[in-house]
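**Student:** The following file, structure.txt, comprises compact mmCIF, C-alpha atoms:
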# COMPACT_ATOMS: atom_id res chain seq x y z
CA MET A 65 0.00 0.00 0.00
CA ARG A 66 2.85 2.35 0.83
CA THR A 67 4.54 1.71 -2.55
CA VAL A 68 1.26 2.28 -4.40
CA LEU A 69 0.73 5.60 -2.60
CA ILE A 70 4.24 6.82 -3.45
CA ILE A 71 3.84 5.87 -7.11
CA LEU A 72 0.45 7.62 -7.22
CA ILE A 73 1.85 10.87 -5.87
CA LEU A 74 4.90 10.77 -8.15
CA VAL A 75 2.65 10.18 -11.15
CA LEU A 76 0.48 13.13 -10.16
CA ALA A 77 3.59 15.27 -9.78
CA ALA A 78 4.74 14.37 -13.28
CA ASN A 79 1.34 15.02 -14.87
CA PRO A 80 1.33 18.11 -17.17
CA ILE A 81 -1.76 19.38 -15.38
CA PHE A 82 0.23 19.23 -12.17
CA GLY A 83 2.98 21.39 -13.67
CA ALA A 84 6.76 21.40 -13.35
CA PHE A 85 7.67 24.64 -11.61
CA PRO A 86 9.51 24.91 -9.37
CA SER A 87 11.60 21.78 -9.76
CA LYS A 88 13.32 22.08 -6.38
CA TYR A 89 12.66 23.27 -2.84
CA ILE A 90 15.31 24.98 -0.72
CA ASP A 91 13.21 24.74 2.44
CA TYR A 92 10.11 22.64 3.00
CA ASN A 93 8.62 23.39 6.41
CA ILE A 94 5.43 21.88 7.82
CA SER A 95 3.84 23.11 11.04
CA ILE A 96 1.07 20.99 12.56
CA LYS A 97 -1.14 22.48 15.25
CA LEU A 98 -3.28 19.94 17.09
CA ASN A 99 -6.44 21.51 18.46
CA GLU A 100 -8.45 20.36 21.46
CA ASN A 101 -11.45 19.56 19.25
CA ARG A 102 -9.20 17.16 17.26
CA VAL A 103 -9.15 19.44 14.21
CA VAL A 104 -5.65 19.68 12.72
CA THR A 105 -4.37 23.01 11.42
CA GLU A 106 -1.48 22.60 9.00
CA THR A 107 0.77 25.31 7.59
CA ILE A 108 3.22 24.51 4.77
CA ASP A 109 6.01 26.99 4.00
CA ILE A 110 8.07 26.33 0.87
CA LYS A 111 11.04 28.36 -0.34
CA PHE A 112 12.21 28.09 -3.96
CA PRO A 113 15.75 28.70 -5.27
CA HIS A 114 14.37 31.48 -7.52
CA ASN A 115 11.12 33.33 -8.18
CA SER A 116 8.41 31.21 -9.72
CA THR A 117 5.20 32.09 -11.52
CA GLN A 118 3.63 28.67 -11.30
CA PHE A 119 3.23 26.17 -8.50
CA ASN A 120 1.40 22.90 -8.08
CA ILE A 121 1.08 20.53 -5.16
CA TYR A 122 -0.97 17.53 -4.14
CA LEU A 123 -2.03 17.37 -0.49
CA ILE A 124 -2.87 13.89 0.79
CA HIS A 125 -5.73 15.38 2.83
CA GLN A 126 -9.03 16.92 1.85
CA ALA A 127 -8.21 20.47 2.89
CA ARG A 128 -10.76 22.75 4.57
CA ASN A 129 -10.51 26.54 5.01
CA LEU A 130 -7.72 26.64 2.45
CA GLU A 131 -5.57 29.79 2.22
CA ILE A 132 -2.55 30.28 -0.06
CA TYR A 133 0.04 33.07 0.03
CA ALA A 134 2.83 33.99 -2.38
CA GLY A 135 5.27 35.93 -0.26
CA LYS A 136 3.01 38.14 1.86
CA ASN A 137 0.20 38.31 -0.70
CA LYS A 138 -2.82 36.06 -0.59
CA ILE A 139 -3.45 34.50 -4.00
CA ASN A 140 -6.31 32.63 -5.61
CA CYS A 141 -5.42 29.19 -6.91
CA ASP A 142 -7.38 26.48 -8.64
CA TRP A 143 -7.96 23.45 -6.46
CA ARG A 144 -10.15 20.39 -6.33
CA TYR A 145 -10.50 17.20 -4.36
CA GLU A 146 -8.68 14.45 -6.19
CA ARG A 147 -9.06 10.92 -4.84
CA ALA A 148 -8.37 11.15 -1.09
CA GLY A 149 -6.49 14.44 -1.28
CA THR A 150 -6.51 17.99 -2.66
CA LEU A 151 -4.92 19.05 -5.95
CA ILE A 152 -3.77 22.70 -6.01
CA SER A 153 -2.57 24.68 -9.05
CA CYS A 154 -1.35 28.29 -8.73
CA LYS A 155 -0.50 30.58 -11.65
CA ASN A 156 0.25 34.23 -12.41
CA PHE A 157 2.24 35.07 -9.32
CA ASN A 158 5.89 35.98 -8.88
CA SER A 159 7.50 34.87 -5.65
CA SER A 160 10.27 32.72 -4.22
CA SER A 161 8.02 31.32 -1.49
CA ILE A 162 4.59 29.81 -1.03
CA GLN A 163 2.58 29.32 2.14
CA ILE A 164 -0.44 27.01 2.36
CA LYS A 165 -2.78 26.95 5.36
CA PHE A 166 -5.62 24.49 5.78
CA GLU A 167 -7.49 22.26 8.23
CA TYR A 168 -8.57 18.65 8.24
CA ARG A 169 -10.02 16.00 10.53
CA GLY A 170 -9.71 12.28 11.04
CA LEU A 171 -6.07 11.85 12.04
CA VAL A 172 -6.42 12.24 15.81
CA THR A 173 -7.60 9.14 17.65
CA GLN A 174 -8.90 9.42 21.20
CA TYR A 175 -8.36 6.60 23.67
CA GLU A 176 -9.44 6.37 27.31
CA ASP A 177 -7.03 8.95 28.70
CA TYR A 178 -4.79 9.99 25.81
CA TYR A 179 -4.72 10.94 22.11
CA VAL A 180 -2.68 9.80 19.13
CA PHE A 181 -1.94 11.84 16.01
CA SER A 182 -0.54 9.92 13.03
CA ASP A 183 0.26 11.06 9.51
CA ARG A 184 2.55 10.37 6.57
CA TYR A 185 4.78 12.85 4.72
CA ILE A 186 6.31 12.01 1.35
CA ILE A 187 9.06 13.93 -0.44
CA VAL A 188 7.93 14.16 -4.09
CA THR A 189 10.04 17.18 -5.07
CA PRO A 190 13.83 17.41 -4.60
CA THR A 191 14.26 19.18 -1.26
CA GLU A 192 17.36 20.44 0.53
CA ASN A 193 15.89 20.94 4.01
CA PHE A 194 12.74 19.39 5.43
CA ASN A 195 11.45 20.59 8.80
CA LEU A 196 8.39 19.23 10.59
CA ARG A 197 6.90 20.55 13.82
CA ILE A 198 3.89 19.17 15.66
CA TYR A 199 2.39 21.42 18.33
CA LEU A 200 0.23 19.93 21.08
CA PRO A 201 -2.95 21.73 22.16
CA LYS A 202 -2.41 24.28 24.91
CA GLY A 203 -2.58 22.58 28.30
CA TYR A 204 -1.48 19.17 26.93
CA ILE A 205 1.70 17.17 27.45
CA LEU A 206 3.31 14.13 25.88
CA TYR A 207 1.71 10.92 27.11
CA GLU A 208 3.94 8.58 29.07
CA THR A 209 3.32 5.29 30.85
CA GLU A 210 5.59 2.64 32.34
CA GLU A 211 4.85 0.27 29.45
CA GLN A 212 5.38 2.87 26.71
CA ILE A 213 8.97 3.35 25.56
CA GLN A 214 8.59 6.20 23.06
CA LEU A 215 6.44 9.33 23.20
CA TYR A 216 6.62 9.94 19.45
CA TYR A 217 7.89 8.49 16.18
CA PRO A 218 10.30 8.84 14.43
CA THR A 219 12.33 8.69 17.62
CA ASN A 220 14.94 11.21 16.44
CA GLY A 221 12.54 14.11 17.00
CA ILE A 222 13.33 16.69 19.66
CA GLN A 223 10.83 17.79 22.30
CA LYS A 224 10.73 21.57 22.73
CA THR A 225 8.46 24.34 24.03
CA ASP A 226 7.78 27.95 23.10
CA GLY A 227 7.04 28.76 26.74
CA LYS A 228 3.34 27.96 26.47
CA ILE A 229 2.96 24.99 24.16
CA ILE A 230 4.94 21.75 23.85
CA TYR A 231 5.98 20.63 20.38
CA VAL A 232 8.19 18.03 18.72
CA GLU A 233 10.53 18.94 15.86
CA TRP A 234 12.20 16.85 13.16
CA ASN A 235 14.86 18.05 10.69
CA TYR A 236 16.01 16.13 7.62
CA ASN A 237 18.01 16.46 4.43
CA PRO A 238 15.70 14.14 2.51
CA LYS A 239 16.00 12.22 -0.69
CA LEU A 240 13.34 12.12 -3.37
CA GLY A 241 10.72 9.53 -2.43
CA ASP A 242 11.54 9.49 1.29
CA VAL A 243 8.54 8.66 3.45
CA TYR A 244 8.13 9.79 7.06
CA ASP A 245 5.47 8.06 9.14
CA VAL A 246 4.89 10.23 12.17
CA SER A 247 2.99 9.50 15.39
CA ILE A 248 2.75 11.46 18.61
CA PHE A 249 1.03 10.49 21.89
CA TYR A 250 -0.35 13.19 24.17
CA GLU A 251 -2.74 13.85 27.04
CA LYS A 252 -4.15 16.69 29.10
CA ALA A 253 -1.70 18.06 31.62
CA LEU A 254 -4.46 17.78 34.19
CA ARG A 255 -7.25 15.28 33.58
CA SER A 256 -10.72 15.77 35.08
CA ASP A 257 -10.19 13.00 37.66
CA GLN A 258 -6.87 14.52 38.71
CA PHE A 259 -8.49 17.94 38.93
CA ALA A 260 -11.21 16.58 41.24
CA VAL A 261 -8.60 15.02 43.53
CA ILE A 262 -6.64 18.27 43.72
CA ILE A 263 -9.75 20.34 44.46
CA SER A 264 -10.82 17.90 47.19
CA THR A 265 -7.34 17.95 48.71
CA LEU A 266 -7.21 21.75 48.68
CA PHE A 267 -10.66 21.90 50.28
CA ILE A 268 -9.57 19.60 53.10
CA ILE A 269 -6.39 21.61 53.62
CA LEU A 270 -8.37 24.86 53.80
CA ILE A 271 -10.72 23.36 56.41
CA MET A 272 -7.75 22.19 58.47
CA ILE A 273 -6.16 25.64 58.29
CA PHE A 274 -9.44 27.27 59.32
CA LEU A 275 -9.86 24.93 62.29
CA PHE A 276 -6.24 25.46 63.33
CA ILE A 277 -6.61 29.24 63.24
CA TYR A 278 -9.99 29.10 64.98
CA PHE A 279 -8.84 26.97 67.88
CA ARG A 280 -5.56 28.82 68.10
CA LYS A 281 -7.47 32.03 68.67
CA GLN A 282 -9.57 30.48 71.42
CA PRO A 283 -8.14 31.55 74.74
CA LYS A 284 -6.72 28.82 76.92
CA ILE A 285 -6.56 28.90 80.69
CA VAL A 286 -3.18 27.75 81.85
CA ASP A 287 -3.34 25.94 85.18
CA LEU A 288 -0.97 27.91 87.40
CA GLY A 289 -2.30 26.58 90.67
CA LEU A 290 -5.64 28.30 90.10
CA THR A 291 -8.72 27.38 92.07
CA GLU A 292 -11.91 26.43 90.27
CA ASP A 293 -13.46 29.84 91.07
CA GLU A 294 -10.36 31.62 89.76
CA LYS A 295 -10.55 29.60 86.56
CA LYS A 296 -14.21 30.60 86.14
CA VAL A 297 -13.38 34.28 86.54
CA LEU A 298 -10.34 34.13 84.29
CA ASN A 299 -12.30 32.26 81.64
CA VAL A 300 -14.91 35.06 81.47
CA ILE A 301 -12.17 37.68 81.32
CA SER A 302 -10.21 35.87 78.58
CA HIS A 303 -13.26 35.75 76.26
CA ASN A 304 -13.62 39.52 76.38
CA LYS A 305 -11.15 42.25 75.65
CA LYS A 306 -12.38 44.03 78.72
CA VAL A 307 -15.18 43.19 81.13
CA SER A 308 -16.80 44.70 84.19
CA GLN A 309 -16.85 42.94 87.55
CA LYS A 310 -20.66 43.06 87.42
CA LYS A 311 -20.66 40.93 84.26
CA ILE A 312 -18.28 38.45 85.86
CA VAL A 313 -20.67 38.13 88.80
CA ARG A 314 -23.57 37.42 86.44
CA GLU A 315 -21.72 34.85 84.32
CA THR A 316 -19.95 32.96 87.10
CA GLY A 317 -22.69 32.97 89.75
CA LEU A 318 -20.13 34.07 92.32
CA SER A 319 -20.84 36.85 94.78
CA LYS A 320 -19.57 40.37 94.26
CA ALA A 321 -17.20 39.97 97.20
CA GLN A 322 -15.81 36.70 95.82
CA VAL A 323 -15.22 38.23 92.38
CA SER A 324 -13.54 41.29 93.92
CA ARG A 325 -11.25 39.12 96.03
CA ILE A 326 -10.35 36.84 93.11
CA ALA A 327 -9.73 39.82 90.80
CA LYS A 328 -7.30 41.34 93.31
CA SER A 329 -5.49 38.01 93.61
CA LEU A 330 -5.19 37.58 89.84
CA GLU A 331 -3.96 41.14 89.45
CA ALA A 332 -1.34 40.58 92.12
CA ARG A 333 -0.05 37.60 90.12
CA GLY A 334 0.13 39.71 86.95
CA LEU A 335 -2.60 37.82 85.08
CA ILE A 336 -5.04 40.72 84.72
CA GLU A 337 -5.23 44.46 85.09
CA ARG A 338 -8.00 46.33 86.90
CA LYS A 339 -9.05 49.84 85.97
CA ARG A 340 -11.56 51.81 87.99
CA ARG A 341 -14.63 52.95 86.12
CA GLY A 342 -16.77 55.02 88.47
CA ARG A 343 -17.68 52.94 91.51
CA SER A 344 -16.70 49.65 89.86
CA TYR A 345 -13.74 48.08 88.10
CA GLU A 346 -13.13 47.16 84.49
CA ILE A 347 -10.86 44.17 84.08
CA ILE A 348 -8.47 43.62 81.15
CA THR A 349 -6.41 40.52 80.36
CA LYS A 350 -2.67 40.89 79.97
Please re-express this file's structure in structure tokens.
**Tutor:**
Amino acid sequence: MRTVLIILILVLAANPIFGAFPSKYIDYNISIKLNENRVVTETIDIKFPHNSTQFNIYLIHQARNLEIYAGKNKINCDWRYERAGTLISCKNFNSSSIQIKFEYRGLVTQYEDYYVFSDRYIIVTPTENFNLRIYLPKGYILYETEEQIQLYYPTNGIQKTDGKIIYVEWNYNPKLGDVYDVSIFYEKALRSDQFAVIISTLFIILIMIFLFIYFRKQPKIVDLGLTEDEKKVLNVISHNKKVSQKKIVRETGLSKAQVSRIAKSLEARGLIERKRRGRSYEIITK
């Protein structure tokens, strides 16, 4: 099947309708952008050794949203679907470079927790430099498991990043008829199940922090040889920034005389401070 496909493309390239200009590529660069919806956006940049006025190419995909540029100028070219691909013929331009942008579907396969992109690239025109880059969708990484040895094929590709997106790059000095079967395995950097675990963990951590802060703020009565009545009084005082002796009497059930005596004792030990307010005292914790 591979031999038949190569012969088919070479025959199409030699067909008079397909044209003969240019006869050589200096640079043949293909950029593949994999989108999250499994649509593939491909950009082909070709540089000729001299200005050309005619260009023909056969894409092995049925191109959608096709755009063609000669230099910086968008040009109108004749094209049609031919067999499984797209036949493009451009005339009446004058440029040493051509750029082709298009989209297609069907080459990204989704498995349970990862994706695979596979395609084939065939050199049908003498080419000095062939460069291929495949960009993962934003937020995706190369898929790796213990059983899997390689993340992509051919294995001589180099994993890189532009700071936001991961991509794999291949560089070749190809021969006419060379075939490159390319596959790349990738997955979301954070799957939905992983995201749920992280959110749950963060929620638990936040609750623990809240409880720690809450109980840390709760005043604690240190047992320094205090009597039960002294603990009652000090407990009321510690829950208020400042409190009157009358309030302490109400909340503890102790008599005014008992509260007064205990307050004096606590003040003497440096645990509280009493400030006179009229005929009574206001008590502040230290």
**Student:** List as a list in words: which residues have an atom within 12 Å of (-8.9, 39.4, 94.6), counting all atoms listed in the file?
**Tutor:**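 In the file's frame, the residues around the point are Asp293, Glu294, Val297, Leu298, Gln309, Lys320, Ala321, Gln322, Val323, Ser324, Arg325, Ile326, Ala327, Lys328, Ser329, Leu330, Glu331, Ala332, Arg333, Gly334, Leu335, Ile336, Glu337, Arg338, Tyr345 and Ile347 of chain A.
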**Student:** Just C-alpha atoms for this one: save the residues we selected as a short mmCIF file (atom, residue, chain, number, x, y, z; two decimals), in the coordinates of the input.
**Tutor:**
data_model
loop_
_atom_site.label_atom_id
_atom_site.label_comp_id
_atom_site.auth_asym_id
_atom_site.auth_seq_id
_atom_site.Cartn_x
_atom_site.Cartn_y
_atom_site.Cartn_z
CA ASP A 293 -13.46 29.84 91.07
CA GLU A 294 -10.36 31.62 89.76
CA VAL A 297 -13.38 34.28 86.54
CA LEU A 298 -10.34 34.13 84.29
CA GLN A 309 -16.85 42.94 87.55
CA LYS A 320 -19.57 40.37 94.26
CA ALA A 321 -17.20 39.97 97.20
CA GLN A 322 -15.81 36.70 95.82
CA VAL A 323 -15.22 38.23 92.38
CA SER A 324 -13.54 41.29 93.92
CA ARG A 325 -11.25 39.12 96.03
CA ILE A 326 -10.35 36.84 93.11
CA ALA A 327 -9.73 39.82 90.80
CA LYS A 328 -7.30 41.34 93.31
CA SER A 329 -5.49 38.01 93.61
CA LEU A 330 -5.19 37.58 89.84
CA GLU A 331 -3.96 41.14 89.45
CA ALA A 332 -1.34 40.58 92.12
CA ARG A 333 -0.05 37.60 90.12
CA GLY A 334 0.13 39.71 86.95
CA LEU A 335 -2.60 37.82 85.08
CA ILE A 336 -5.04 40.72 84.72
CA GLU A 337 -5.23 44.46 85.09
CA ARG A 338 -8.00 46.33 86.90
CA TYR A 345 -13.74 48.08 88.10
CA ILE A 347 -10.86 44.17 84.08
#
**Student:** Give me, please, the distance in Å between CA of Leu240 in chain A and CA of Ser159 in chain A, quoted to one decimal.
**Tutor:**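 Distance between the two atoms: 23.6 Å.
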**Student:** Tell me which residues come within 8 Å of (-0.7, 11.1, 10.4), as a list of chain:residue names, counting only C-alpha atoms in the file's coordinates.
**Tutor:**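 The distance filter leaves exactly A:Leu171, A:Val172, A:Phe181, A:Ser182, A:Asp183, A:Arg184, A:Asp245, A:Val246, A:Ser247.
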**Student:** Would you put the residues from that selection into a file with C-alpha atoms, as a tab-separated table (two decimals), in the frame of the given file?
**Tutor:**
chain	number	residue	atom	x	y	z
A	171	LEU	CA	-6.07	11.85	12.04
A	172	VAL	CA	-6.42	12.24	15.81
A	181	PHE	CA	-1.94	11.84	16.01
A	182	SER	CA	-0.54	9.92	13.03
A	183	ASP	CA	0.26	11.06	9.51
A	184	ARG	CA	2.55	10.37	6.57
A	245	ASP	CA	5.47	8.06	9.14
A	246	VAL	CA	4.89	10.23	12.17
A	247	SER	CA	2.99	9.50	15.39
**Student:** Mind checking which residues fall within 6 Å of Ile152 in chain A, counting all atoms listed in the file, ignoring those fewer than 2 positions away in the same chain, and posting them as a list in words?
**Tutor:** Asn120, Ile121, Asp142 and Trp143 of chain A
**Student:** Within 7 Å of Tyr122 in chain A, counting all atoms listed in the file, which residues show up once you throw out same-chain ones fewer than 2 positions away? Write them as a CSV table (one decimal) with C-alpha atoms, in the frame of the given file, please.
**Tutor:**
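Now in part_23.csv:
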chain,number,residue,atom,x,y,z
A,124,ILE,CA,-2.9,13.9,0.8
A,149,GLY,CA,-6.5,14.4,-1.3
A,150,THR,CA,-6.5,18.0,-2.7
A,151,LEU,CA,-4.9,19.0,-6.0
A,152,ILE,CA,-3.8,22.7,-6.0
**Student:** So for range 264-276 of chain A, what box centre and size do we get, axis-aligned, 3 Å extra on each of the six sides, every listed atom, Å to one decimal, as AutoDock Vina command-line options?
**Tutor:**
--center_x -8.5 --center_y 22.6 --center_z 55.3 --size_x 10.7 --size_y 15.4 --size_z 22.1
**Student:** Just the number, please: distance in Å from CA of Tyr217 in chain A to CA of Glu131 in chain A, one decimal.
**Tutor:**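 Pair CA of Tyr217 in chain A / CA of Glu131 in chain A returns 28.8 Å.
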